[in-house]
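K.L.:
The structure under discussion is supplied below as C-alpha cells; questions concerning it will follow.
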2 protein chains.
Amino acid sequence: MPATIKDVAKMAGVSISTVSRVINDSKPVSPEVRKKVLDIIEEIGYKPNEVARTLVTKKSFLIGVIVTDIGNSYIAQMVRGIEEVGKMYNYDILLCSSYGDKETELKFIQLLNRKQVEGIILISEIFNEEVKKQFESYDIPFVYLNRYYSMEEFPTVSINDYDASYEMTNYLISLGHKNIIYVTAYNDEENSLEKLKIAGYKKAVDEFEQGDEIFCYSKGYNIEDGYEIGKDILNIRENYDATAIFCSHDELAIGLMNYFIDNNVRVPEDISIAGYGDIKIASILRPRLTTIKEPYYDIGAVAIRRIVKELKDESVDEGRINLPFQIKKRESCAKVE
Amino acid sequence: MPATIKDVAKMAGVSISTVSRVINDSKPVSPEVRKKVLDIIEEIGYKPNEVARTLVTKKSFLIGVIVTDIGNSYIAQMVRGIEEVGKMYNYDILLCSSYGDKETELKFIQLLNRKQVEGIILISEIFNEEVKKQFESYDIPFVYLNRYYSMEEFPTVSINDYDASYEMTNYLISLGHKNIIYVTAYNDEENSLEKLKIAGYKKAVDEFEQGDEIFCYSKGYNIEDGYEIGKDILNIRENYDATAIFCSHDELAIGLMNYFIDNNVRVPEDISIAGYGDIKIASILRPRLTTIKEPYYDIGAVAIRRIVKELKDESVDEGRINLPFQIKKRESCAKVE
DNA sequence: ATGAAAGCGCTAACAC
DNA sequence: GTGTTAGCGCTTTCAT
C-alpha cells in the first residue's frame with residue numbers, strides 16, 4: 001500500500017490539513033513545519049492520490065479523445081496536437097478507438113463521462129446524429145472533428161473546404177490544365193463535406209470557361225479505392241482530353257499514382273495529380289504530391305484550446321473555427337506544354 | 001450537477017446500499033425493488049461516478065501508455081494493439097508523449113502513478129536507465145517497449161533481432177548478392193539492439209564466405225538520414241562492387257530509395273534495398289520495400305495482455321517475450337543476373 | 001433482502 | 001498558522 005496523507009501527517013506530527021496545505025501551497029504554513037513535512041514526503045516517497053483529489057475538487061484533468069483509428073496518420077497528428085497543448089494546461093488524454101462504429105462512439109461518450117473527463121473531443125469519420133442527443137444530456141465541453149461530414153451547430157475546427165477546393169482548381173488551371181477530373185466517393189450524402197469541395201471545384205471550372213467539369217467516382221476514400229479507379233481514369237482521360245486529376249483525398253491520389261507507376265503512366269509528364277489533406281506520406285512519395293495542407297496538428301491544438309478555455313469560463317467562439325490552409329505545390333503537378 | 005447514488009436512493013425510497021447492489025449485481029435484491037431502482041436510474045439518467053468507485057475499489061481500469069511520439073506510424077500501431085486488447089478487459093488508455101526526453105519519461109511515470117493507473121507501458125526510443133529505479137519504487141505491472149535499445153531484466157516484447165537480421169541477409173544472398181552493405185547509425189552504444197542485428201548480418205556473411213562485410217554509417221535512423229548517405233552509398237557501391245543494401249530501419253531504406261529516384265539510380269535494377277520493420281509506408285511505396293515485418297500491433301497487444309494477466313495474478317512469463325517475424329519479399333530486391 | 005455506518009484519500013470550510 | 005470536521009460518491013462490512 002502506498003503512503004497516504006495520513007501517514008505523512010502522523011510522521012511529521014502535524015494534522016492532515018497542514019500536509020494538504022504544503023502540497024497544494026494553498027495556505028501559509030510556517031517554514032519549519034513546511035520543511036519537516038517536505039522531508040517526510042521525500043523520505044517515504046509520498047505521492048498524492050489524484051483520484052481522491054478529483055473526487056473532492058471535481059477536476060480530473062482528463063480530456064477524453066475518441067478516435068476512429070489512431071493508425072490513420074492524420075488522426076495521429078490531431079492527437080499529437082491535442083496531447084501537446086493539453087499538457088501545457090496539465091491535462092491528460094484518455095484515448096478510445098471506435099473503429100468507425102456508431103454504437104461504440106456513443107458508448108465511449110458515456111464511459112468517458114463516468115470517468116469524469118472534463119471535456120471530450122470526438123474525431124469521427126462517419127455521420128452519427130445520435131451523438132448530438134448524447135452530448136446534450138451531459139454538460140461538458142466537447143469538440144467534433146470530422147474530415148468527411150459536418151454536424152450542424154456542433155463546435156468544430158477545420159478549414160474552409162470550399163475555398164481550398166476552389167484555390168486548388170485555380171492553381172491547376174494556372175498551370176495550363178483545361179480539363180481537370182475531380183475524383184470523389186461522394187454519393188449524395190446529406191452532410192458530406194464533399195458538397196463544399198465539389199462546389200469549389202465547379203466554381204473555378206465555371207469561371208474558367210474553357211474546360212469541362214469531369215467527375216470520377218471511387219468506392220471509398222482509401223488508397224485501394226484510388227488504385228481501383230485507375231483504369232476508369234485512363235479512359236476518362238482519353239474521352240475528355242484531361243491532363244490533370246484533383247482527388248478529394250490524398251489517399252485516393254496516392255492509390256492512383258501507384259496505379260500509374262504500375263502501368264507505365266508517368267506523373268506528371270503524362271498526367272498531373274493533386275490531392276487533399278497533405279498526409280505525412282504525401283511529401284515522402286516520388287513524385288511528391290501536390291496537395292492542400294489541412295493543418296491536422298493545429299486542428300487538434302485549437303480543439304483542445306477551445307475546451308480548456310471553456311473550462312476556464314473564458315469566452316469561446318461559437319461553432320466552427322476555420323484555420324488557414326495552404327496549397328502545397330510539388331512535383332506531381334506540372335505545367336502543360 | 002449530475003445525479004448521484006443518493007438521488008436514486010431517495011427517489012426509489014431505498015437505501016444507497018440497495019442501489020449499489022443493483023448496479024453492481026453484487027448481492028440479491030428483490031425483483032420489485034430492483035425494477036423500481038432501474039426505472040429511476042433510467043428516468044434521471046444516472047451514471048455511476050467511476051472516480052468515487054475507484055477510490056474505494058482501488059481499480060481505476062486505466063493503463064498508462066507513454067510514447068515517444070504517436071505520430072510515428074509504428075508507435076501508432078503498437079498503441080492500437082494496446083487499446084484494442086485493453087478494451088476487451090475494460091481497460092482504458094491514458095496517453096502521454098515524451099518526445100524522447102528522459103526527464104519527461106520519468107515525470108509521466110510518476111504522474112500516471114498518481115492518477116492510479118493499474119499498469120504502465122513505456123514505448124521509448126532512448127536508453128534511460130533511471131526508469132528502472134522509478135519503477136522499482138512503484139508496485140504496478142509495466143512493460144518496456146523499445147525498438148532501438150534493450151533494458152536488461154525489463155519485461156518487454158519484441159522479435160529476435162539476431163535471427164531476423166541473419167535471415168534477411170541470407171535471403172539477399174540467396175538472390176545472388178555477394179557484397180551487401182549494412183546501413184546503421186550504430187555508434188557503439190552499450191545497449192543498442194543494433195549489436196544483435198549486426199551480429200546476425202555478420203554471421204550470414206561469414207558463412208557465405210564469398211562476400212565482404214561492408215558497413216555504412218548514417219547520422220540517425222530517420223528518412224532524412226537515409227537520404228543524406230545516398231552519395232556515400234554510391235561510392236561504396238563502386239569500391240566494393242556491392243549490389244544490395246540492408247538498412248537497419250525502414251526509414252533509412254526509404255530515404256535512400258528517394259535519393260536514388262532523385263538521382264536516376266534504379267531500384268532494384270541497379271541496386272537492391274531491404275529494410276527492417278515493415279512500417280506502413282513500406283508496402284505503399286513503389287517499388288514496394290522488401291523488409292522484415294516487426295508485428296507492431298501484436299507487440300502492443302501482447303504487452304497489455306501481459307499486464308492484464310499480472311493484474312489478475314495469473315502467472316506471467318518473465319522478461320522478454322519474442323514474437324515471430326516475417327521476411328516480406330517485395331520488389332525493392334531483385335535477383336542478380 | 002435491506003439499511004446503517006464506516007471509510008477510501010483527499011480538500012475546504014470553520015474554529016481557535 | 002494549525003487542527004477539527006464535514007463531506008466528495010461510492011462499496012462493503014455488519015446488523016437486522
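Scheme for the C-alpha cells: letters A, B, ... for chains in order shown; per-chain residue numbers from 1; ligand numbers from 1 in order shown.
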Among segment 60-250 of chain B, which residues does DSSP mark as alpha helix (DSSP H) when it is run on the backbone? Keep the chain and numbering as in the structure and answer as a PDB file with C-alpha atoms, in the first residue's frame.
P.N.:
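Result written to selection-v6.pdb:
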```
ATOM      1  CA  SER B  73       3.350   5.018 -37.540  1.00  0.00           C
ATOM      2  CA  TYR B  74       4.906   2.029 -35.822  1.00  0.00           C
ATOM      3  CA  ILE B  75       4.096   3.523 -32.430  1.00  0.00           C
ATOM      4  CA  ALA B  76       0.547   4.219 -33.514  1.00  0.00           C
ATOM      5  CA  GLN B  77       0.274   0.552 -34.464  1.00  0.00           C
ATOM      6  CA  MET B  78       1.523  -0.555 -31.074  1.00  0.00           C
ATOM      7  CA  VAL B  79      -0.952   1.745 -29.349  1.00  0.00           C
ATOM      8  CA  ARG B  80      -3.729   0.306 -31.489  1.00  0.00           C
ATOM      9  CA  GLY B  81      -2.855  -3.151 -30.238  1.00  0.00           C
ATOM     10  CA  ILE B  82      -2.747  -1.932 -26.662  1.00  0.00           C
ATOM     11  CA  GLU B  83      -6.024  -0.092 -26.951  1.00  0.00           C
ATOM     12  CA  GLU B  84      -7.934  -2.826 -28.697  1.00  0.00           C
ATOM     13  CA  VAL B  85      -6.887  -5.622 -26.372  1.00  0.00           C
ATOM     14  CA  GLY B  86      -7.198  -3.358 -23.354  1.00  0.00           C
ATOM     15  CA  LYS B  87     -10.786  -2.657 -24.276  1.00  0.00           C
ATOM     16  CA  MET B  88     -11.524  -6.372 -24.175  1.00  0.00           C
ATOM     17  CA  LYS B 102      14.416  11.454 -20.410  1.00  0.00           C
ATOM     18  CA  GLU B 103      13.005  13.698 -17.734  1.00  0.00           C
ATOM     19  CA  THR B 104       9.595  13.701 -19.345  1.00  0.00           C
ATOM     20  CA  GLU B 105       9.506   9.921 -19.363  1.00  0.00           C
ATOM     21  CA  LEU B 106      10.291   9.911 -15.681  1.00  0.00           C
ATOM     22  CA  LYS B 107       7.762  12.589 -14.854  1.00  0.00           C
ATOM     23  CA  PHE B 108       4.999  10.777 -16.679  1.00  0.00           C
ATOM     24  CA  ILE B 109       5.696   7.573 -14.828  1.00  0.00           C
ATOM     25  CA  GLN B 110       5.135   9.493 -11.626  1.00  0.00           C
ATOM     26  CA  LEU B 111       2.093  11.297 -12.915  1.00  0.00           C
ATOM     27  CA  LEU B 112       0.470   8.103 -14.098  1.00  0.00           C
ATOM     28  CA  ASN B 113       1.055   6.584 -10.724  1.00  0.00           C
ATOM     29  CA  ARG B 114      -0.628   9.457  -9.014  1.00  0.00           C
ATOM     30  CA  GLU B 130      16.692   5.804 -14.372  1.00  0.00           C
ATOM     31  CA  VAL B 131      13.396   4.374 -15.467  1.00  0.00           C
ATOM     32  CA  LYS B 132      14.452   1.243 -13.660  1.00  0.00           C
ATOM     33  CA  LYS B 133      14.695   2.836 -10.243  1.00  0.00           C
ATOM     34  CA  GLN B 134      11.492   4.699 -10.880  1.00  0.00           C
ATOM     35  CA  PHE B 135       9.593   1.501 -11.453  1.00  0.00           C
ATOM     36  CA  GLU B 136      11.138  -0.298  -8.564  1.00  0.00           C
ATOM     37  CA  SER B 137       9.641   2.234  -6.177  1.00  0.00           C
ATOM     38  CA  ASP B 161      16.628  -9.332 -33.937  1.00  0.00           C
ATOM     39  CA  TYR B 162      19.628 -11.544 -34.360  1.00  0.00           C
ATOM     40  CA  ASP B 163      17.650 -14.199 -36.193  1.00  0.00           C
ATOM     41  CA  ALA B 164      15.737 -11.659 -38.258  1.00  0.00           C
ATOM     42  CA  SER B 165      18.867  -9.934 -39.450  1.00  0.00           C
ATOM     43  CA  TYR B 166      20.518 -13.247 -40.175  1.00  0.00           C
ATOM     44  CA  GLU B 167      17.580 -14.458 -42.210  1.00  0.00           C
ATOM     45  CA  MET B 168      17.277 -11.293 -44.221  1.00  0.00           C
ATOM     46  CA  THR B 169      20.961 -11.332 -45.070  1.00  0.00           C
ATOM     47  CA  ASN B 170      20.644 -14.928 -46.157  1.00  0.00           C
ATOM     48  CA  TYR B 171      17.655 -14.063 -48.298  1.00  0.00           C
ATOM     49  CA  LEU B 172      19.697 -11.389 -50.031  1.00  0.00           C
ATOM     50  CA  ILE B 173      22.498 -13.865 -50.552  1.00  0.00           C
ATOM     51  CA  SER B 174      20.029 -16.381 -51.962  1.00  0.00           C
ATOM     52  CA  GLU B 194      21.985  -2.881 -33.418  1.00  0.00           C
ATOM     53  CA  LYS B 195      24.589  -5.096 -31.849  1.00  0.00           C
ATOM     54  CA  LEU B 196      22.364  -8.086 -32.362  1.00  0.00           C
ATOM     55  CA  LYS B 197      21.317  -7.110 -35.821  1.00  0.00           C
ATOM     56  CA  ILE B 198      24.880  -6.528 -36.922  1.00  0.00           C
ATOM     57  CA  ALA B 199      25.869  -9.859 -35.435  1.00  0.00           C
ATOM     58  CA  GLY B 200      23.155 -11.576 -37.448  1.00  0.00           C
ATOM     59  CA  TYR B 201      24.321  -9.883 -40.622  1.00  0.00           C
ATOM     60  CA  LYS B 202      27.922 -10.797 -39.930  1.00  0.00           C
ATOM     61  CA  LYS B 203      27.124 -14.398 -39.278  1.00  0.00           C
ATOM     62  CA  ALA B 204      25.342 -14.774 -42.594  1.00  0.00           C
ATOM     63  CA  VAL B 205      28.125 -13.037 -44.495  1.00  0.00           C
ATOM     64  CA  ASP B 206      30.785 -15.127 -42.758  1.00  0.00           C
ATOM     65  CA  GLU B 207      29.053 -18.370 -43.512  1.00  0.00           C
ATOM     66  CA  PHE B 208      28.646 -17.365 -47.136  1.00  0.00           C
ATOM     67  CA  ILE B 223      14.235   9.147 -43.618  1.00  0.00           C
ATOM     68  CA  GLU B 224      16.402  12.253 -43.965  1.00  0.00           C
ATOM     69  CA  ASP B 225      19.371  10.358 -42.585  1.00  0.00           C
ATOM     70  CA  GLY B 226      18.869   7.728 -45.245  1.00  0.00           C
ATOM     71  CA  TYR B 227      18.686  10.344 -47.940  1.00  0.00           C
ATOM     72  CA  GLU B 228      21.853  12.011 -46.735  1.00  0.00           C
ATOM     73  CA  GLY B 230      22.929   8.343 -50.605  1.00  0.00           C
ATOM     74  CA  LYS B 231      26.109   9.702 -52.057  1.00  0.00           C
ATOM     75  CA  ASP B 232      28.317   7.668 -49.728  1.00  0.00           C
ATOM     76  CA  ILE B 233      26.423   4.556 -50.635  1.00  0.00           C
ATOM     77  CA  LEU B 234      27.016   5.149 -54.309  1.00  0.00           C
ATOM     78  CA  ASN B 235      30.737   5.458 -53.700  1.00  0.00           C
ATOM     79  CA  ILE B 236      30.834   2.361 -51.571  1.00  0.00           C
ATOM     80  CA  ARG B 237      28.964   0.512 -54.251  1.00  0.00           C
ATOM     81  CA  GLU B 238      31.681   1.287 -56.763  1.00  0.00           C
ATOM     82  CA  ASN B 239      34.546   0.387 -54.466  1.00  0.00           C
ATOM     83  CA  TYR B 240      33.118  -2.849 -53.195  1.00  0.00           C
ATOM     84  CA  ASP B 250      12.777   1.046 -42.999  1.00  0.00           C
TER      85      ASP B 250
END
```
K.L.:
Residues near segment 43-52 of chain A, anyone? I mean within 10 Å using only C-alpha atoms (C1' of nucleotides), not counting same-chain ones fewer than 5 positions away, as an mmCIF file with C-alpha atoms (C1' of nucleotides), in the first residue's frame.
P.N.:
```
data_model
loop_
_atom_site.group_PDB
_atom_site.id
_atom_site.type_symbol
_atom_site.label_atom_id
_atom_site.label_comp_id
_atom_site.auth_asym_id
_atom_site.auth_seq_id
_atom_site.Cartn_x
_atom_site.Cartn_y
_atom_site.Cartn_z
ATOM 1 C CA PRO A 2 1.329 3.388 -0.923
ATOM 2 C CA ALA A 3 1.683 6.072 1.728
ATOM 3 C CA THR A 4 -1.252 8.408 2.295
ATOM 4 C CA ILE A 5 -1.564 11.913 3.559
ATOM 5 C CA ASP A 7 0.970 8.672 7.131
ATOM 6 C CA VAL A 8 2.756 11.871 6.305
ATOM 7 C CA MET A 11 5.176 11.034 10.904
ATOM 8 C CA SER A 20 -2.531 19.287 2.381
ATOM 9 C CA ILE A 23 1.495 20.065 -1.035
ATOM 10 C CA VAL A 37 6.572 17.879 6.055
ATOM 11 C CA LEU A 38 8.528 18.115 2.829
ATOM 12 C CA THR A 57 -12.291 19.070 -6.405
ATOM 13 C CA LYS A 58 -14.322 17.806 -9.369
ATOM 14 C CA LYS A 59 -11.280 18.342 -11.528
ATOM 15 C CA SER A 60 -9.943 15.192 -13.161
ATOM 16 C CA PHE A 61 -7.527 16.956 -15.514
ATOM 17 C CA GLU B 50 -16.100 5.941 -11.694
ATOM 18 C CA VAL B 51 -13.744 8.129 -9.741
ATOM 19 C CA ALA B 52 -15.585 7.554 -6.487
ATOM 20 C CA ARG B 53 -15.731 3.888 -7.331
ATOM 21 C CA THR B 54 -12.013 3.749 -7.987
ATOM 22 C CA LEU B 55 -11.282 5.388 -4.667
ATOM 23 C CA VAL B 56 -12.822 2.526 -2.763
ATOM 24 C CA LYS B 58 -8.628 0.567 -5.981
ATOM 25 C CA SER B 60 -9.114 2.505 -12.000
ATOM 26 C CA GLN B 110 5.135 9.493 -11.626
ATOM 27 C CA LEU B 111 2.093 11.297 -12.915
ATOM 28 C CA LEU B 112 0.470 8.103 -14.098
ATOM 29 C CA ASN B 113 1.055 6.584 -10.724
ATOM 30 C CA ARG B 114 -0.628 9.457 -9.014
ATOM 31 C CA LYS B 115 -3.529 9.026 -11.374
ATOM 32 C CA GLN B 116 -3.761 5.464 -10.076
ATOM 33 C CA VAL B 117 -3.243 3.662 -13.361
ATOM 34 C CA SER B 137 9.641 2.234 -6.177
ATOM 35 C CA TYR B 138 6.166 1.638 -7.572
ATOM 36 C "C1'" DC C 8 -11.357 5.063 0.554
ATOM 37 C "C1'" DG C 9 -7.647 9.706 0.420
ATOM 38 C "C1'" DC C 10 -8.218 13.993 -0.071
ATOM 39 C "C1'" DT C 11 -9.833 19.306 0.202
ATOM 40 C "C1'" DC D 8 -16.914 14.194 -2.325
#
```
K.L.:
Do me a favour and pick out the residues of chain C within 7 Å of chain B, using only C-alpha atoms (C1' of nucleotides), as a compact mmCIF listing (two decimals) with N, CA and C atoms (P, O5', C5', C4', C3', O3' and C1' of nucleotides), in the first residue's frame.
P.N.:
```txt
# COMPACT_ATOMS: atom_id res chain seq x y z
P DA C 1 -32.60 -12.78 -1.12
O5' DA C 1 -33.23 -11.34 -0.92
C5' DA C 1 -34.58 -11.05 -1.07
C4' DA C 1 -34.84 -9.86 -0.20
C3' DA C 1 -34.29 -8.55 -0.77
O3' DA C 1 -35.27 -7.53 -0.54
C1' DA C 1 -33.40 -8.92 1.40
P DT C 2 -35.09 -6.12 -1.11
O5' DT C 2 -34.39 -5.38 0.08
C5' DT C 2 -35.20 -4.77 1.08
C4' DT C 2 -34.33 -4.24 2.17
C3' DT C 2 -33.58 -2.97 1.83
O3' DT C 2 -34.28 -1.88 2.41
C1' DT C 2 -32.32 -4.44 3.22
P DG C 3 -33.82 -0.39 2.15
O5' DG C 3 -32.99 -0.13 3.49
C5' DG C 3 -33.62 -0.33 4.74
C4' DG C 3 -32.64 -0.04 5.85
C3' DG C 3 -31.91 1.30 5.71
O3' DG C 3 -31.84 1.91 7.00
C1' DG C 3 -30.34 -0.47 5.88
P DC C 8 -9.83 4.06 5.38
O5' DC C 8 -9.36 4.01 3.87
C5' DC C 8 -9.76 2.96 2.98
C4' DC C 8 -9.93 3.56 1.60
C3' DC C 8 -9.09 4.81 1.38
O3' DC C 8 -7.88 4.44 0.74
C1' DC C 8 -11.36 5.06 0.55
```
K.L.:
Please indicate the distance in Å from atom CA of Tyr221 of chain B to atom CA of Leu252 of chain B, rounded to one decimal place.
P.N.:
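Separating atom CA of Tyr221 of chain B from atom CA of Leu252 of chain B is a distance of 5.9 Å.
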K.L.:
Show me which bits of chain D are within 8 Å of chain A, counting only C-alpha atoms (C1' of nucleotides), as a ChimeraX atom specification.
P.N.:
/D:1-3,8-9
K.L.:
Distance atom CA of Ala12 of chain A-atom C1' of DA6 of chain C, one decimal place?
P.N.:
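Pair atom CA of Ala12 of chain A / atom C1' of DA6 of chain C returns 26.0 Å.
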K.L.:
What parts of segment 182-318 of chain B does DSSP call strand (DSSP E or B)? I'd like the answer as a ChimeraX atom specification.
P.N.:
/B:182-184,192,213-217,244-247,272-274,277,290-293
K.L.:
Can I get the selected residues back with N, CA and C atoms, as an mmCIF file, in the first residue's frame?
P.N.:
```
data_model
loop_
_atom_site.group_PDB
_atom_site.id
_atom_site.type_symbol
_atom_site.label_atom_id
_atom_site.label_comp_id
_atom_site.auth_asym_id
_atom_site.auth_seq_id
_atom_site.Cartn_x
_atom_site.Cartn_y
_atom_site.Cartn_z
ATOM 1 N N TYR B 182 25.583 -2.986 -45.111
ATOM 2 C CA TYR B 182 24.690 -2.850 -43.962
ATOM 3 C C TYR B 182 24.719 -1.400 -43.504
ATOM 4 N N VAL B 183 23.545 -0.772 -43.465
ATOM 5 C CA VAL B 183 23.462 0.638 -43.080
ATOM 6 C C VAL B 183 22.907 0.784 -41.670
ATOM 7 N N THR B 184 23.605 1.494 -40.841
ATOM 8 C CA THR B 184 23.170 1.673 -39.458
ATOM 9 C C THR B 184 23.705 2.976 -38.900
ATOM 10 N N SER B 192 22.456 -0.922 -27.383
ATOM 11 C CA SER B 192 21.800 -0.846 -28.680
ATOM 12 C C SER B 192 21.447 -2.223 -29.226
ATOM 13 N N GLU B 213 31.975 -8.040 -45.477
ATOM 14 C CA GLU B 213 31.141 -7.219 -44.599
ATOM 15 C C GLU B 213 31.404 -5.773 -44.989
ATOM 16 N N ILE B 214 30.350 -5.050 -45.276
ATOM 17 C CA ILE B 214 30.518 -3.646 -45.631
ATOM 18 C C ILE B 214 29.556 -2.819 -44.792
ATOM 19 N N PHE B 215 30.084 -1.837 -44.096
ATOM 20 C CA PHE B 215 29.207 -1.012 -43.262
ATOM 21 C C PHE B 215 29.166 0.424 -43.738
ATOM 22 N N CYS B 216 28.006 1.012 -43.603
ATOM 23 C CA CYS B 216 27.863 2.431 -43.909
ATOM 24 C C CYS B 216 27.114 3.054 -42.741
ATOM 25 N N TYR B 217 27.648 4.130 -42.206
ATOM 26 C CA TYR B 217 27.054 4.715 -41.014
ATOM 27 C C TYR B 217 26.298 6.005 -41.293
ATOM 28 N N ALA B 244 23.571 -4.917 -53.179
ATOM 29 C CA ALA B 244 22.396 -4.832 -52.296
ATOM 30 C C ALA B 244 22.725 -4.047 -51.040
ATOM 31 N N ILE B 245 21.676 -3.450 -50.480
ATOM 32 C CA ILE B 245 21.804 -2.673 -49.258
ATOM 33 C C ILE B 245 20.789 -3.175 -48.258
ATOM 34 N N PHE B 246 21.247 -3.438 -47.051
ATOM 35 C CA PHE B 246 20.354 -3.875 -45.985
ATOM 36 C C PHE B 246 20.348 -2.757 -44.942
ATOM 37 N N CYS B 247 19.235 -2.076 -44.836
ATOM 38 C CA CYS B 247 19.135 -0.960 -43.887
ATOM 39 C C CYS B 247 18.550 -1.426 -42.564
ATOM 40 N N SER B 272 19.628 -3.345 -55.121
ATOM 41 C CA SER B 272 18.509 -3.823 -54.308
ATOM 42 C C SER B 272 18.569 -3.193 -52.916
ATOM 43 N N ILE B 273 17.406 -2.963 -52.343
ATOM 44 C CA ILE B 273 17.353 -2.382 -50.999
ATOM 45 C C ILE B 273 16.397 -3.175 -50.122
ATOM 46 N N ALA B 274 16.847 -3.454 -48.904
ATOM 47 C CA ALA B 274 15.979 -4.110 -47.932
ATOM 48 C C ALA B 274 15.913 -3.259 -46.679
ATOM 49 N N GLY B 277 11.495 -3.568 -40.322
ATOM 50 C CA GLY B 277 10.384 -3.009 -39.569
ATOM 51 C C GLY B 277 9.034 -3.220 -40.235
ATOM 52 N N THR B 290 11.187 -4.474 -49.667
ATOM 53 C CA THR B 290 11.461 -5.761 -49.040
ATOM 54 C C THR B 290 11.952 -5.469 -47.628
ATOM 55 N N THR B 291 11.353 -6.143 -46.662
ATOM 56 C CA THR B 291 11.723 -5.800 -45.289
ATOM 57 C C THR B 291 11.371 -6.913 -44.307
ATOM 58 N N ILE B 292 11.751 -6.686 -43.067
ATOM 59 C CA ILE B 292 11.406 -7.634 -42.004
ATOM 60 C C ILE B 292 10.201 -7.083 -41.270
ATOM 61 N N LYS B 293 9.154 -7.856 -41.215
ATOM 62 C CA LYS B 293 7.947 -7.380 -40.547
ATOM 63 C C LYS B 293 8.056 -7.555 -39.043
#
```
K.L.:
For Ile126 of chain B, find every residue with an atom within 9 Å (counting only C-alpha atoms (C1' of nucleotides)), except residues of its own chain fewer than 5 positions away, and show them as number ranges by chain.
P.N.:
B: 68, 100-102, 146, 148-149
K.L.:
Quick one: write out the picked residues with N, CA and C atoms as a PDB file, in the first residue's frame?
P.N.:
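The resulting file, selection_28.pdb, is shown below:
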```
ATOM      1  N   THR B  68       6.931   7.869 -27.373  1.00  0.00           N
ATOM      2  CA  THR B  68       7.854   8.911 -27.815  1.00  0.00           C
ATOM      3  C   THR B  68       7.066   9.933 -28.623  1.00  0.00           C
ATOM      4  N   GLY B 100      10.801  11.854 -26.642  1.00  0.00           N
ATOM      5  CA  GLY B 100      12.190  11.422 -26.493  1.00  0.00           C
ATOM      6  C   GLY B 100      12.973  12.065 -25.370  1.00  0.00           C
ATOM      7  N   ASP B 101      12.285  12.709 -24.447  1.00  0.00           N
ATOM      8  CA  ASP B 101      13.003  13.358 -23.360  1.00  0.00           C
ATOM      9  C   ASP B 101      13.027  12.488 -22.103  1.00  0.00           C
ATOM     10  N   LYS B 102      14.222  12.297 -21.596  1.00  0.00           N
ATOM     11  CA  LYS B 102      14.416  11.454 -20.410  1.00  0.00           C
ATOM     12  C   LYS B 102      13.572  11.899 -19.231  1.00  0.00           C
ATOM     13  N   ASN B 146      10.911  -0.929 -26.806  1.00  0.00           N
ATOM     14  CA  ASN B 146      11.914  -0.043 -27.392  1.00  0.00           C
ATOM     15  C   ASN B 146      12.504  -0.690 -28.629  1.00  0.00           C
ATOM     16  N   TYR B 148      14.990   0.400 -30.324  1.00  0.00           N
ATOM     17  CA  TYR B 148      16.413   0.679 -30.507  1.00  0.00           C
ATOM     18  C   TYR B 148      17.323   0.135 -29.405  1.00  0.00           C
ATOM     19  N   TYR B 149      16.798   0.178 -28.187  1.00  0.00           N
ATOM     20  CA  TYR B 149      17.646  -0.251 -27.077  1.00  0.00           C
ATOM     21  C   TYR B 149      16.968  -1.316 -26.228  1.00  0.00           C
TER      22      TYR B 149
END
```
K.L.:
To one decimal place in Å, what is the distance between atom CA of Glu42 of chain B and atom CA of Arg21 of chain B?
P.N.:
16.0 Å
